[in-house]
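Reading through the structure tokens given below for one structure.
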Protein chains: 2
Amino acid sequence: MTKHTLIDHIKAYVTSSDNELSEIVGFFNTCSYNKKATLLPAGKRCDKLFFVVKGCLCLYFIDGSGNQKTIQFAIENWWLTDFLAFQNQKPSNFYIEAVEHSEVLAISFSKYQELLCKFPKMETYFRTIYEIAYGAALMRLKYINSFSKEDMFFRFRDDFPEFVQRVPQYLLASFLGLTPEYLSEIKRK
Amino acid sequence: MTKHTLIDHIKAYVTSSDNELSEIVGFFNTCSYNKKATLLPAGKRCDKLFFVVKGCLCLYFIDGSGNQKTIQFAIENWWLTDFLAFQNQKPSNFYIEAVEHSEVLAISFSKYQELLCKFPKMETYFRTIYEIAYGAALMRLKYINSFSKEDMFFRFRDDFPEFVQRVPQYLLASFLGLTPEYLSEIKRK
């Protein structure tokens, strides 16, 4: 059941037989994480790439003053890891944590290499996914440079209303670069 | 000569015969742009992906107050376009301009599709390039959330000293979210 979510997602980008797809998802482990569980700690070799089937993950770091700074969220059908560290098999620059109870598919770096080698269409799938993700990151940099933090919140709320309901306010504040108090104040307005 | 730069770059990521490589680069047009030439205007269908052989390009938008905001630079061996708009063949959200006289290889969306279809190893090449680019974008978001704009400049100068010499100060200021005056002041310190 869990792996069907990934099968459907792959089918949206590449054509593949049912047999192939079932072999492809065989490369992944199904994992279940409780709210606040750490999937990857910063400083540890980044050996996993995660696909969210259900729930929500976040990618964050701890700044010099000890504050948690959220860089990225991943909800259903999103991929998450420290991509630079994963590709180079270096220690992660970020923590990955479950924001809520989450069902996740995980693949190790060696299995990922094996998968790409055995199923070249997965190169097409991931090329497309990363092309979108990189393009979206450039758009996010545009928003950061266009809007005040307050306007970022309103834009975010209008674009992802369900998401704003789901995510704890301290994480949303950290993602938008606001203090939780200031976010509460904006929401009261 | 120009196309050899791309051949060398592809060879750094995938194994390919000389014949294949020469066929691959045949999909690209060589273009030469004077300083300040516009390669892609915002609002026009984004039909080109650019590879910088020599020189420097920048990706920017004009904010509500008419200021140019630089989101990304591309120097030798970098790829640049509005990736979301390119993939969806939508109007570009950004302008692409030559920062200095630049030699560029360009590929249209239809040729890009044809290339990926005919040479699946180019899927591997671009998957790797975008994986790095997306990973680097997440690291950049970490820096934006870690450092003051002043510290961003010092970090940038230490990491890319040659680049800071090459790029006009008003563009560097725009990239770092500073006014040109404030950047001059930081540099005087």
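Residue numbering restarts at 1 in every chain; chains get A, B, ... in the order shown in the structure tokens, and ligands count up from 1 in that same order.
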Can you tell me, as JSON, numbers by chain, which residues in segment 47-123 of chain A count as strand (DSSP E or B) by DSSP? {"A": [48, 49, 50, 51, 52, 53, 54, 57, 58, 59, 60, 61, 62, 68, 69, 70, 71, 72, 73, 74, 79, 80, 91, 95, 96, 97, 98, 102, 103, 104, 105, 106, 107, 108]}
Using only C-alpha atoms, I'd like every residue of chain B that has an atom within 10 Å of chain A; please write them out as a ChimeraX atom specification. /B:59-65,69-72,81-88,93-94,116-117,120-142,144-147,174-177
Atom pair atom CA of Val99 of chain A / atom CA of Cys56 of chain A: separation (Å): 5.4 Å
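One finds atom CA of Val167 of chain A at 19.6 Å from atom CA of Leu40 of chain A.
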Just how far from atom CA of Met152 of chain B is atom CA of Lys149 of chain A, in Å to one decimal? 19.3 Å
Need to verify the contact set: Arg45 of chain B, 7 Å, only C-alpha atoms, exclusion of same-chain residues closer than 6 positions in sequence. Can you return it as number ranges by chain? B: 89-92
Between A:Leu183, A:Phe119, A:Ala173, A:Val164, single out the one closest to Ser17 of chain A, counting only C-alpha atoms. A:Phe119
Using DSSP on the backbone, list every residue of segment 81-183 of chain B that comes out as helix (DSSP H, G or I), and give them as a ChimeraX atom specification. /B:83-88,109-118,121-146,149-159,161-166,169-176,180-183
Leaving out Glu150 of chain B and any residue of its chain fewer than 3 positions from it, which residues lie within 7 Å of it when counting only C-alpha atoms, given as a PyMOL selection string? chain B and resi 153-154+186
Shell around Glu97 of chain A at 6 Å using only C-alpha atoms, local window under 2 positions removed, as a PDB file with N, CA and C atoms, in the first residue's frame:
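Result written to out.pdb:
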ATOM      1  N   LYS A  36       8.361  14.161  15.704  1.00  0.00           N
ATOM      2  CA  LYS A  36       9.608  14.637  16.325  1.00  0.00           C
ATOM      3  C   LYS A  36      10.770  13.636  16.235  1.00  0.00           C
ATOM      4  N   ALA A  37      10.560  12.473  15.606  1.00  0.00           N
ATOM      5  CA  ALA A  37      11.668  11.519  15.449  1.00  0.00           C
ATOM      6  C   ALA A  37      12.706  12.108  14.496  1.00  0.00           C
ATOM      7  N   THR A  38      13.986  11.856  14.772  1.00  0.00           N
ATOM      8  CA  THR A  38      15.058  12.322  13.894  1.00  0.00           C
ATOM      9  C   THR A  38      15.391  11.223  12.892  1.00  0.00           C
ATOM     10  N   LEU A  39      15.276  11.542  11.608  1.00  0.00           N
ATOM     11  CA  LEU A  39      15.580  10.568  10.554  1.00  0.00           C
ATOM     12  C   LEU A  39      17.062  10.632  10.209  1.00  0.00           C
ATOM     13  N   LEU A  57       7.997  15.921   6.688  1.00  0.00           N
ATOM     14  CA  LEU A  57       9.360  15.991   7.233  1.00  0.00           C
ATOM     15  C   LEU A  57       9.844  17.432   7.128  1.00  0.00           C
ATOM     16  N   CYS A  58      10.845  17.768   7.932  1.00  0.00           N
ATOM     17  CA  CYS A  58      11.506  19.059   7.726  1.00  0.00           C
ATOM     18  C   CYS A  58      13.020  18.909   7.784  1.00  0.00           C
TER      19      CYS A  58
END
